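Text of data12.txt (compact mmCIF, C-alpha atoms) as supplied:
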# COMPACT_ATOMS: atom_id res chain seq x y z
CA MET A 1 -22.05 324.68 -82.49
CA ILE A 2 -20.28 321.76 -84.16
CA LYS A 3 -17.49 324.14 -85.09
CA GLY A 4 -17.23 325.31 -81.48
CA ILE A 5 -16.89 321.71 -80.29
CA LEU A 6 -14.16 321.12 -82.86
CA SER A 7 -12.26 324.25 -81.79
CA ALA A 8 -12.44 323.29 -78.11
CA ALA A 9 -11.37 319.71 -78.82
CA THR A 10 -8.31 320.76 -80.82
CA ALA A 11 -7.33 323.20 -78.06
CA MET A 12 -7.59 320.44 -75.45
CA ARG A 13 -5.49 318.08 -77.59
CA ALA A 14 -2.81 320.74 -78.05
CA GLN A 15 -2.59 321.32 -74.30
CA VAL A 16 -2.27 317.58 -73.61
CA LEU A 17 0.77 317.49 -75.89
CA ASN A 18 2.10 320.66 -74.26
CA GLN A 19 1.84 319.05 -70.83
CA GLU A 20 3.72 315.99 -72.08
CA VAL A 21 6.59 318.20 -73.25
CA ILE A 22 6.68 320.11 -69.94
CA ALA A 23 6.62 316.83 -67.98
CA ASN A 24 9.57 315.56 -70.02
CA ASN A 25 11.47 318.77 -69.27
CA LEU A 26 10.82 318.36 -65.55
CA ALA A 27 11.95 314.73 -65.70
CA ASN A 28 15.29 315.90 -67.12
CA VAL A 29 15.95 318.75 -64.69
CA ASP A 30 19.07 316.92 -63.42
CA THR A 31 20.19 315.45 -66.76
CA VAL A 32 23.66 316.60 -67.82
CA ALA A 33 23.59 319.18 -70.67
CA TYR A 34 19.88 318.63 -71.33
CA GLN A 35 18.35 321.33 -73.55
CA LYS A 36 14.70 321.93 -72.80
CA ASP A 37 11.93 321.72 -75.38
CA LYS A 38 9.19 324.24 -76.02
CA VAL A 39 5.91 323.77 -77.84
CA VAL A 40 5.09 326.05 -80.77
CA PHE A 41 1.38 326.48 -81.47
CA GLN A 42 -0.43 327.66 -84.57
CA SER A 43 -4.05 328.02 -85.60
CA PHE A 44 -5.63 325.12 -87.42
CA HIS A 45 -5.53 325.50 -91.20
CA ASP A 46 -7.99 328.19 -92.19
CA ALA A 47 -10.95 327.05 -94.27
CA LEU A 48 -12.78 329.39 -96.62
CA MET A 49 -16.54 329.29 -96.06
CA TYR A 50 -18.95 329.45 -99.00
CA ARG A 51 -22.67 330.09 -99.45
CA PHE A 52 -24.13 327.85 -102.12
CA GLU A 53 -27.04 329.09 -104.20
CA SER A 54 -28.22 326.89 -106.99
CA LEU A 55 -25.11 326.11 -109.07
CA SER A 56 -23.02 329.04 -107.82
CA HIS A 57 -21.22 329.74 -104.57
CA THR A 58 -20.02 332.92 -102.88
CA ALA A 59 -17.18 333.26 -100.38
CA ILE A 60 -18.43 334.55 -97.03
CA GLY A 61 -15.21 334.54 -94.98
CA GLY A 62 -12.68 332.32 -93.31
CA PHE A 63 -12.93 329.91 -90.39
CA SER A 64 -10.20 328.46 -88.17
CA SER A 65 -10.86 325.29 -86.19
CA GLY A 66 -8.80 326.12 -83.13
CA THR A 67 -5.20 325.63 -82.04
CA VAL A 68 -2.87 322.79 -82.98
CA LEU A 69 0.72 321.92 -82.14
CA HIS A 70 2.99 323.16 -84.93
CA ASP A 71 6.41 322.07 -83.68
CA ILE A 72 8.44 321.07 -80.62
CA ALA A 73 11.49 323.33 -80.64
CA THR A 74 14.66 322.60 -78.69
CA MET A 75 16.01 325.72 -77.07
CA ASP A 76 19.67 326.14 -78.07
CA LEU A 77 20.86 327.37 -74.70
CA VAL A 78 23.85 326.56 -72.51
CA GLY A 79 23.17 325.41 -68.98
CA GLY A 80 25.04 326.51 -65.89
CA LEU A 81 28.33 324.87 -64.95
CA GLU A 82 28.88 322.55 -62.01
CA THR A 83 32.41 321.94 -60.76
CA THR A 84 33.20 318.24 -60.21
CA HIS A 85 37.03 318.17 -60.37
CA ARG A 86 36.82 314.81 -62.20
CA PRO A 87 39.52 314.58 -64.90
CA LEU A 88 37.06 313.01 -67.39
CA ASP A 89 34.25 315.54 -66.92
CA ILE A 90 34.09 318.23 -69.60
CA ALA A 91 31.82 321.05 -70.73
CA LEU A 92 31.60 322.06 -74.39
CA PRO A 93 31.29 325.56 -75.86
CA GLN A 94 27.88 326.52 -77.23
CA GLY A 95 27.09 325.02 -80.62
CA THR A 96 29.59 322.15 -80.37
CA TYR A 97 28.95 318.45 -79.84
CA LEU A 98 30.79 315.20 -79.19
CA ALA A 99 30.40 312.35 -81.67
CA VAL A 100 29.52 308.89 -80.36
CA GLU A 101 29.13 305.47 -81.95
CA THR A 102 25.70 303.84 -81.73
CA PRO A 103 24.11 300.79 -83.41
CA ALA A 104 22.16 303.23 -85.60
CA GLY A 105 25.29 305.12 -86.69
CA THR A 106 27.07 308.26 -85.53
CA ARG A 107 25.13 310.45 -83.15
CA TYR A 108 25.98 313.67 -81.33
CA THR A 109 25.69 314.79 -77.73
CA ARG A 110 26.61 317.63 -75.39
CA MET A 111 26.89 315.34 -72.37
CA GLY A 112 30.36 315.58 -70.89
CA ASN A 113 30.31 313.01 -68.08
CA LEU A 114 32.81 310.70 -69.79
CA ARG A 115 33.58 307.28 -68.32
CA ASP A 116 36.09 304.45 -68.72
CA MET A 117 33.91 301.45 -69.54
CA ASP A 118 34.92 298.10 -71.05
CA GLY A 119 38.23 299.48 -72.28
CA CYS A 120 36.71 302.46 -74.09
CA LEU A 121 35.91 306.08 -73.35
CA THR A 122 32.13 306.28 -73.17
CA VAL A 123 29.34 308.73 -72.42
CA GLY A 124 25.81 307.56 -71.65
CA GLY A 125 26.92 304.00 -72.43
CA TYR A 126 28.06 304.85 -75.98
CA ARG A 127 31.65 304.86 -77.22
CA VAL A 128 33.09 308.32 -77.81
CA LEU A 129 34.72 308.84 -81.20
CA GLY A 130 38.22 310.17 -81.57
CA THR A 131 40.30 311.06 -84.59
CA SER A 132 40.37 307.47 -85.87
CA GLY A 133 37.32 305.80 -84.34
CA PRO A 134 36.26 304.86 -80.81
CA ILE A 135 38.80 305.92 -78.17
CA ALA A 136 40.33 302.80 -76.60
CA LEU A 137 41.66 302.91 -73.04
CA GLU A 138 44.21 300.54 -71.53
CA ALA A 139 43.71 299.03 -68.11
CA GLY A 140 45.93 300.28 -65.32
CA LYS A 141 46.47 303.76 -66.72
CA VAL A 142 45.10 307.03 -65.37
CA TYR A 143 43.27 309.04 -68.01
CA SER A 144 42.32 312.69 -68.19
CA ILE A 145 41.14 315.24 -70.75
CA SER A 146 43.13 318.35 -71.65
CA ASP A 147 41.49 321.68 -72.41
CA ASP A 148 42.28 321.18 -76.10
CA GLY A 149 40.29 317.92 -76.19
CA SER A 150 43.31 315.61 -75.99
CA VAL A 151 42.91 312.30 -74.18
CA VAL A 152 45.94 311.88 -71.93
CA ALA A 153 47.18 308.66 -70.30
CA ASP A 154 49.95 309.09 -67.73
CA ASP A 155 51.05 312.39 -69.31
CA GLU A 156 51.02 310.89 -72.82
CA THR A 157 48.46 311.96 -75.44
CA VAL A 158 46.75 308.89 -76.93
CA ASP A 159 43.93 310.46 -78.94
CA SER A 160 41.70 313.54 -79.26
CA LEU A 161 37.98 314.00 -78.90
CA SER A 162 36.02 314.51 -82.10
CA VAL A 163 34.15 317.77 -81.51
CA PHE A 164 31.76 318.96 -84.22
CA SER A 165 29.80 322.04 -85.18
CA PHE A 166 27.05 322.19 -87.81
CA SER A 167 26.23 324.46 -90.71
CA GLY A 168 23.74 324.75 -93.53
CA ASP A 169 20.04 323.95 -93.34
CA TYR A 170 20.19 321.34 -90.58
CA GLU A 171 18.07 320.02 -87.74
CA LEU A 172 19.07 318.09 -84.63
CA GLU A 173 16.47 315.49 -83.68
CA LYS A 174 16.42 314.14 -80.14
CA GLU A 175 16.59 310.35 -79.88
CA GLY A 176 16.69 309.95 -76.11
CA ASN A 177 19.58 309.30 -73.72
CA GLY A 178 21.04 312.69 -74.63
CA LEU A 179 21.65 311.67 -78.26
CA LEU A 180 20.96 313.88 -81.27
CA ARG A 181 20.63 312.86 -84.92
CA LEU A 182 21.75 315.30 -87.59
CA ILE A 183 19.20 315.85 -90.35
CA GLY A 184 20.48 317.77 -93.36
CA GLY A 185 23.28 320.33 -93.21
CA TYR A 186 26.95 319.58 -92.67
CA ALA A 187 28.99 318.41 -89.69
CA THR A 188 32.42 320.02 -89.44
CA GLN A 189 35.06 318.65 -87.10
CA ILE A 190 36.79 321.35 -85.05
CA GLU A 191 40.55 320.99 -85.30
CA SER A 192 41.44 322.73 -82.03
CA PRO A 193 38.42 322.49 -79.74
CA ARG A 194 38.41 324.24 -76.37
CA VAL A 195 36.72 322.42 -73.53
CA LEU A 196 36.38 323.06 -69.84
CA VAL A 197 37.76 320.22 -67.74
CA GLY A 198 36.52 319.17 -64.33
CA VAL A 199 33.07 320.74 -64.83
CA LEU A 200 29.72 319.61 -66.22
CA GLU A 201 27.04 321.57 -68.03
CA LYS A 202 23.75 321.36 -66.16
CA SER A 203 20.27 321.12 -67.61
CA THR A 204 18.73 324.30 -69.01
CA VAL A 205 15.39 323.45 -67.37
CA ASP A 206 14.20 325.88 -64.71
CA PRO A 207 11.81 323.78 -62.58
CA VAL A 208 9.91 326.83 -61.27
CA SER A 209 9.23 328.17 -64.77
CA GLU A 210 8.20 324.74 -65.97
CA MET A 211 5.77 324.31 -63.07
CA VAL A 212 4.22 327.71 -63.86
CA ALA A 213 3.90 326.68 -67.53
CA LEU A 214 2.32 323.38 -66.47
CA ILE A 215 -0.29 325.13 -64.31
CA THR A 216 -1.04 327.59 -67.13
CA SER A 217 -1.49 324.72 -69.58
CA MET A 218 -3.88 322.97 -67.19
CA ARG A 219 -5.96 326.15 -66.83
CA VAL A 220 -6.17 326.54 -70.62
CA TYR A 221 -7.21 322.89 -70.91
CA GLU A 222 -9.94 323.39 -68.30
CA ALA A 223 -11.23 326.52 -70.07
CA ALA A 224 -11.44 324.63 -73.38
CA GLN A 225 -13.16 321.77 -71.59
CA ARG A 226 -15.81 324.13 -70.18
CA ALA A 227 -16.34 325.64 -73.63
CA LEU A 228 -16.79 322.17 -75.12
CA ARG A 229 -19.31 321.25 -72.41
CA SER A 230 -21.23 324.49 -73.01
CA HIS A 231 -21.42 323.84 -76.76
CA ASP A 232 -22.49 320.27 -76.11
CA GLU A 233 -25.32 321.36 -73.79
CA THR A 234 -26.45 323.96 -76.31
CA LEU A 235 -26.47 321.34 -79.06
CA GLU A 236 -28.48 319.03 -76.83
CA GLN A 237 -31.07 321.76 -76.28
CA ALA A 238 -31.29 322.35 -80.02
CA VAL A 239 -31.82 318.65 -80.75
CA ASN A 240 -34.32 317.94 -77.98
CA ARG A 241 -36.37 321.16 -77.87
CA VAL A 242 -36.24 322.97 -81.17
CA GLY A 243 -37.67 319.96 -82.94
CA ARG A 244 -40.76 320.07 -80.71
CA VAL A 245 -41.70 323.63 -81.64
Final structure tokens representation of the file:
Amino acid sequence: MIKGILSAATAMRAQVLNQEVIANNLANVDTVAYQKDKVVFQSFHDALMYRFESLSHTAIGGFSSGTVLHDIATMDLVGGLETTHRPLDIALPQGTYLAVETPAGTRYTRMGNLRDMDGCLTVGGYRVLGTSGPIALEAGKVYSISDDGSVVADDETVDSLSVFSFSGDYELEKEGNGLLRLIGGYATQIESPRVLVGVLEKSTVDPVSEMVALITSMRVYEAAQRALRSHDETLEQAVNRVGRV
């Protein structure tokens, strides 16, 4: 019975975390170039059960204490495209990322809603990196992005976007605000990137699918909760009645 309570409790905890991930996906349904997350479950580490007799013990089989969250995987998908006709809006090919400067160092993003802010080209409030550092913009000039990633001011190229792809054993960790931190692997700058201008990549979140997943998760949580309550009532009966016999 104690094992049943443990299994139900771990299942409930896993579904709480699953609901948090789904809620975060739904909150970013309109975020530019957001890539949705998905929870990966696994069974709790199996434990080998033994029967002890005197000074010896004999294996009698395995036992798993329910389901736990193994990982939160980011789905490497490309969202649909939305036409904006803004000269600083871009969409990147799959597997490529812009580099931006942050207080914590260089970070990467697929957001393409670039802006002219405080004399620099920015995205999400962070300065976009070019071939020789942050891309500076002069006041009074009209800027646009070419399909080869060049930053153009009044028909004159002033810099180029730093567009990267990754290789090796790497992982991209989300840090919020559309930023990704590269862990391991190698970042390779693309010499002649191809970008789509005047369009933005939309979020990969399908709100209908996420709502279905949220309802399913709630039903699983409720089933585990009922199982836990049943085990608890059975344990109560064992404690209060068996001892009287």
Could you pull the residues within 12 Å of Gly176 in chain A, counting all atoms listed in the file, minus those fewer than 2 positions along the same chain, as an NGL selection string? :A and (24 or 28 or 31 or 34-35 or 107-109 or 124 or 173-174 or 178-181)
Calculated over only C-alpha atoms, which of the candidates A:Ser167, A:Ser146, A:Thr122, A:Ser162 has the smallest distance to Gly95 in chain A?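 Among the listed residues, the smallest separation from Gly95 in chain A belongs to A:Ser167.
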Provide the CA of Ala11 in chain A to CA of Tyr221 in chain A distance in Å, to one decimal place. 7.2 Å
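Within 9 Å of the point (30.4, 324.7, -78.0), and counting only C-alpha atoms, the protein, DNA and RNA residues are Val78, Ala91, Leu92, Pro93, Gln94, Gly95, Thr96, Tyr97, Arg110, Val163, Phe164, Ser165, Pro193, Arg194 and Val195 of chain A.
You will find CA of Ser217 in chain A at 25.3 Å from CA of Glu175 in chain A.
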I need the residue nearest Thr84 in chain A from this list: A:Glu201, A:Asp206, A:Asp116, A:Asp154. Use all atoms listed in the file for the distance.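 For Thr84 in chain A, the nearest of the given residues is A:Glu201.
Between CA of Ser209 in chain A and CA of Lys38 in chain A the interatomic distance comes to 11.9 Å.
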Excluding Glu101 in chain A and any residue of its chain fewer than 6 positions from it, enumerate the residues within 7 Å of it, using all atoms listed in the file, and give them as a PyMOL selection string. chain A and resi 107+126-129
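Among the candidates A:Gln189, A:Thr74, A:Ser144, A:Gln19, the one nearest to Thr131 in chain A when counting only C-alpha atoms is A:Gln189.
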Could you give me range 109-127 of chain A completed to N, CA and C atoms, formatted as a PDB file, in the coordinates of the input?
ATOM      1  N   THR A 109      26.169 314.501 -79.073  1.00  0.00           N
ATOM      2  CA  THR A 109      25.690 314.790 -77.730  1.00  0.00           C
ATOM      3  C   THR A 109      26.511 315.912 -77.110  1.00  0.00           C
ATOM      4  N   ARG A 110      25.902 316.608 -76.154  1.00  0.00           N
ATOM      5  CA  ARG A 110      26.610 317.630 -75.390  1.00  0.00           C
ATOM      6  C   ARG A 110      26.947 317.122 -73.977  1.00  0.00           C
ATOM      7  N   MET A 111      26.557 315.894 -73.676  1.00  0.00           N
ATOM      8  CA  MET A 111      26.890 315.340 -72.370  1.00  0.00           C
ATOM      9  C   MET A 111      28.408 315.218 -72.228  1.00  0.00           C
ATOM     10  N   GLY A 112      28.919 315.610 -71.079  1.00  0.00           N
ATOM     11  CA  GLY A 112      30.360 315.580 -70.890  1.00  0.00           C
ATOM     12  C   GLY A 112      30.822 314.707 -69.743  1.00  0.00           C
ATOM     13  N   ASN A 113      29.920 313.903 -69.179  1.00  0.00           N
ATOM     14  CA  ASN A 113      30.310 313.010 -68.080  1.00  0.00           C
ATOM     15  C   ASN A 113      30.897 311.722 -68.655  1.00  0.00           C
ATOM     16  N   LEU A 114      32.136 311.818 -69.127  1.00  0.00           N
ATOM     17  CA  LEU A 114      32.810 310.700 -69.790  1.00  0.00           C
ATOM     18  C   LEU A 114      33.218 309.654 -68.754  1.00  0.00           C
ATOM     19  N   ARG A 115      33.249 308.384 -69.210  1.00  0.00           N
ATOM     20  CA  ARG A 115      33.580 307.280 -68.320  1.00  0.00           C
ATOM     21  C   ARG A 115      34.495 306.283 -69.032  1.00  0.00           C
ATOM     22  N   ASP A 116      35.279 305.560 -68.229  1.00  0.00           N
ATOM     23  CA  ASP A 116      36.090 304.450 -68.720  1.00  0.00           C
ATOM     24  C   ASP A 116      35.278 303.183 -68.524  1.00  0.00           C
ATOM     25  N   MET A 117      34.779 302.623 -69.635  1.00  0.00           N
ATOM     26  CA  MET A 117      33.910 301.450 -69.540  1.00  0.00           C
ATOM     27  C   MET A 117      34.303 300.429 -70.594  1.00  0.00           C
ATOM     28  N   ASP A 118      34.594 299.204 -70.140  1.00  0.00           N
ATOM     29  CA  ASP A 118      34.920 298.100 -71.050  1.00  0.00           C
ATOM     30  C   ASP A 118      36.061 298.445 -71.997  1.00  0.00           C
ATOM     31  N   GLY A 119      37.051 299.171 -71.473  1.00  0.00           N
ATOM     32  CA  GLY A 119      38.230 299.480 -72.280  1.00  0.00           C
ATOM     33  C   GLY A 119      38.033 300.584 -73.290  1.00  0.00           C
ATOM     34  N   CYS A 120      36.951 301.352 -73.170  1.00  0.00           N
ATOM     35  CA  CYS A 120      36.710 302.460 -74.090  1.00  0.00           C
ATOM     36  C   CYS A 120      36.233 303.683 -73.322  1.00  0.00           C
ATOM     37  N   LEU A 121      36.446 304.843 -73.911  1.00  0.00           N
ATOM     38  CA  LEU A 121      35.910 306.080 -73.350  1.00  0.00           C
ATOM     39  C   LEU A 121      34.469 306.190 -73.801  1.00  0.00           C
ATOM     40  N   THR A 122      33.555 306.286 -72.848  1.00  0.00           N
ATOM     41  CA  THR A 122      32.130 306.280 -73.170  1.00  0.00           C
ATOM     42  C   THR A 122      31.427 307.467 -72.523  1.00  0.00           C
ATOM     43  N   VAL A 123      30.233 307.752 -73.033  1.00  0.00           N
ATOM     44  CA  VAL A 123      29.340 308.730 -72.420  1.00  0.00           C
ATOM     45  C   VAL A 123      27.916 308.220 -72.630  1.00  0.00           C
ATOM     46  N   GLY A 124      27.162 308.094 -71.561  1.00  0.00           N
ATOM     47  CA  GLY A 124      25.810 307.560 -71.650  1.00  0.00           C
ATOM     48  C   GLY A 124      25.761 306.135 -72.126  1.00  0.00           C
ATOM     49  N   GLY A 125      26.874 305.398 -71.988  1.00  0.00           N
ATOM     50  CA  GLY A 125      26.920 304.000 -72.430  1.00  0.00           C
ATOM     51  C   GLY A 125      27.347 303.825 -73.871  1.00  0.00           C
ATOM     52  N   TYR A 126      27.643 304.916 -74.584  1.00  0.00           N
ATOM     53  CA  TYR A 126      28.060 304.850 -75.980  1.00  0.00           C
ATOM     54  C   TYR A 126      29.529 305.244 -76.112  1.00  0.00           C
ATOM     55  N   ARG A 127      30.226 304.607 -77.044  1.00  0.00           N
ATOM     56  CA  ARG A 127      31.650 304.860 -77.220  1.00  0.00           C
ATOM     57  C   ARG A 127      31.887 306.216 -77.891  1.00  0.00           C
TER      58      ARG A 127
END
